[in-house]
Amino acid sequence: MLNISKEMENTRLTFSLEGKLDSVTSNDLESEIMNSLEGVEELVVDCEKLEYVSSAGLRVLLAALKLMNKQGTMKVTNVCDEIMSIFEMTGFSEILTIENNAKTQAKETKEEE
Amino acid sequence: MDNEIKIALSGRIDSGNASSVEENIQNEIGGNKNAPVVLDASDLAYISSAGLRVILHIKKTNPDLSIINVNSEVYDIFEMTGFTDMMTIDKAYRVVSIEGCEEIGRGAKGTVYRIDKDNVVKVYNDADALEDIQHEREVAKLALVLGLPTAISYDVVRVGDSYGSVFELLNATSFSKILAEVPEKMDWVVDEYVKLLKLINGTLVPEGKLPDSKEKIMTWANYTKDYLPEELGKKLVELSEALPHDDHMVHGDYHSKNVQLQNDEILIIDMDTLAVGHPIYDLAAMYNAYVGFSEYDNNVVKEFQGFDYKTSLEFWHKTLAAYLGTDDEAKIKEVEDKARVLSYSRLIRRSIRRGGLENEKSKAEIELWEKELTELLKKVDDLYFDPPAFEAESGNELDIEAEESNLHKVLDFIDKHLDAVDCPPKVKMQIEVAVEEIFVNIASYAYAPDKGRATVRVEVSPEPITVTITFIDQGIPYDPLAKEDPDVTLKAEDRPVGGLGIFMVKQTMDDVTYEYKDGKNILRIKKSI
């Protein structure tokens, strides 16, 4: 299951994801994103409640990034430790702008101890 | 055929006697050009190329030429020279006697006898059954390839005036026999019987490989409608017509004599009625086997199955409940009534065509079926029901259609095992991702553009706790590990979309192996947790 909520603020569009971004659910996200990028200058994908990403999910993020690089910026926020390790493994941590807020970082640090 | 000319060939036919043999044959044919000619090669020991030319000459004047009872040496010559492609050439068949042999199964087209400890023979009712035998071999092969446990015949023999096909079936006992002799095992039999039926009904058949059961259903309805009140007859045809096309497999004669326990393996036999269609078709045939045929005379089932009518009713009811996965009597009754519409539609036709109206007992039986069907048709408005979930899950193994939409079922299955060993969240996600990548890979490529099944097996070993997951499919041979790893240092613009899945599997798992064996892709991942 993946819940997608969408919030538009001027030219900033935020997608908040909740659940799993996998081969089945990534199609929904892909069509949601691709259909709403017109006029968007800043795309935010918030992963605070996202638990899982497979290569199908990465594919959608990469496709969105390629588009946004032409018309503005994209960032991914509040990535949990499990998903972060996938981003690192695949080099996505280098190509994505990832912004984790204090709450998530504190949690990460604690888990690493 | 009346004008068929049968001529016996004997000894050797070679350049020494070819012309005299030809002369004799032409004398027998006389002026009957174009008449069908059958050469009986029972006593023919050898044929040389001069002999083959004789046969070609005859074929010119009498194109409908066939050769029968050809011994295997002579058959090899015919095969090598391409004669078997030009005309009908039938091998001589080994003769098998079934005198005193135990009858272990009976189907629409034949009866199965055990001829010795390891072998059974299915004797076909129709004396002209070679085509049927060929058909059954083909469908049994197809079923085996699609992952169903069945036996394939290895020899065709003569049994009296009939043909038979021989199967290896060691120490096997039919489910009917178990039900008759060990009644306390009924619940186990129900479980296994239903599991196998779900496997059959859950198997997608590539288009055009099997006949469509809908045609049978329409034949029944179009015949039986004339024996019902006009409106209801019309309704029977409409309901039958409205059943949607379905590419899943149906067995067509799935009763407990056709399921055999061989050592620890459960096999399904009697595959000649295999078809595609909605599972209501199988339920209708099962209703007949356990109830319909015995509804008027309750003793019939004992004769046929070996257990009594009461046992039969109980077994049928339990089976249907287990198949539908419900205890809700109303729901069970609803599906049973749908099945009964088809059951009676078939039974009435079958009995009338066999002269049932000329015999008092059969006539009373037909009247009972007509009455039941009439009542049913007043209340049943649809023959369709939602088939149950078809995954066969047995402990640590899941057998499932390799389709992306089944991904979550596979992951749920894996999670259950991971949760049982308290797998930490990070490792759990890695394993889940690995399972997803591999399963989706199989779903997308293994059988494309057709469909097929995959087996996922989970094994857990202790110290350190290690999870091994094996994926088996019977698609095209493909080693995903052979693919070059993607460059994960590229900039976004230079990256291809995709190709990361298997890379992640390799990165996160402790061990990944691939082999192609016995027509199967076997991919195994290991991870200690």
# chains A, B, ... in the order shown; residues from 1 in each chain; ligands from 1
call {"tool": "closest_atom_pairs", "arguments": {"of": "chain B", "to": "chain A", "cutoff": "8 Å", "atoms": "only C-alpha atoms", "output": "CSV"}}
result
residue,atom,partner,partner_atom,distance
B:Glu404,CA,A:Val24,CA,6.9
B:Ser405,CA,A:Val24,CA,6.7
B:Leu407,CA,A:Val24,CA,7.4
B:Pro425,CA,A:Glu82,CA,7.8
B:Lys426,CA,A:Glu82,CA,5.3
B:Met429,CA,A:Tyr52,CA,6.8
B:Val433,CA,A:Ser54,CA,5.5
B:Glu436,CA,A:Ser54,CA,7.4
B:Glu437,CA,A:Ser55,CA,7.3
B:Val440,CA,A:Ser23,CA,7.4
B:Val488,CA,A:Gly91,CA,4.9
B:Thr489,CA,A:Gly91,CA,5.9
B:Lys491,CA,A:Ile95,CA,6.3
B:Ala492,CA,A:Ile95,CA,6.0
B:Glu493,CA,A:Lys66,CA,6.2
B:Val497,CA,A:Arg59,CA,5.6
B:Gly498,CA,A:Arg59,CA,5.8
B:Gly499,CA,A:Ser55,CA,8.0
B:Leu500,CA,A:Ser55,CA,5.8
B:Gly501,CA,A:Ser55,CA,5.1
B:Met504,CA,A:Thr90,CA,7.4
B:Gln507,CA,A:Met89,CA,7.6
call {"tool": "closest_atom_pairs", "arguments": {"of": "region 329-430 of chain B", "to": "region 292-297 of chain B", "cutoff": "10 Å", "atoms": "only C-alpha atoms", "output": "tab-separated table"}}
result
residue	atom	partner	partner_atom	distance
B:Arg340	CA	B:Gly292	CA	8.3
B:Ser343	CA	B:Gly292	CA	7.1
B:Tyr344	CA	B:Gly292	CA	7.5
B:Leu347	CA	B:Gly292	CA	7.8
B:Lys361	CA	B:Tyr296	CA	8.9
B:Ser362	CA	B:Tyr296	CA	9.1
B:Ala364	CA	B:Tyr296	CA	8.0
B:Glu365	CA	B:Tyr296	CA	5.6
B:Ile366	CA	B:Tyr296	CA	9.0
B:Glu367	CA	B:Tyr296	CA	9.7
B:Leu368	CA	B:Tyr296	CA	7.2
B:Trp369	CA	B:Gly292	CA	8.3
call {"tool": "atom_distance", "arguments": {"atom1": "CA of Met68 (chain A)", "atom2": "CA of Glu41 (chain A)"}}
result
7.5 Å
call {"tool": "closest_residue", "arguments": {"among": "B:Ala275, B:Ile68, B:Met80, B:Ala446", "to": "Tyr93 (chain B)", "atoms": "only C-alpha atoms"}}
result
B:Ile68
call {"tool": "atom_distance", "arguments": {"atom1": "CA of Arg158 (chain B)", "atom2": "CA of Tyr124 (chain B)"}}
result
10.0 Å
call {"tool": "select_by_dssp", "arguments": {"residues": "region 74-103 of chain A", "states": "helix (DSSP H, G or I)", "output": "list in words"}}
result
Asp81, Glu82, Ile83, Met84, Ser85, Ile86, Phe87, Glu88, Met89, Phe92, Ser93, Glu94, Ile95, Ala102 and Lys103 of chain A
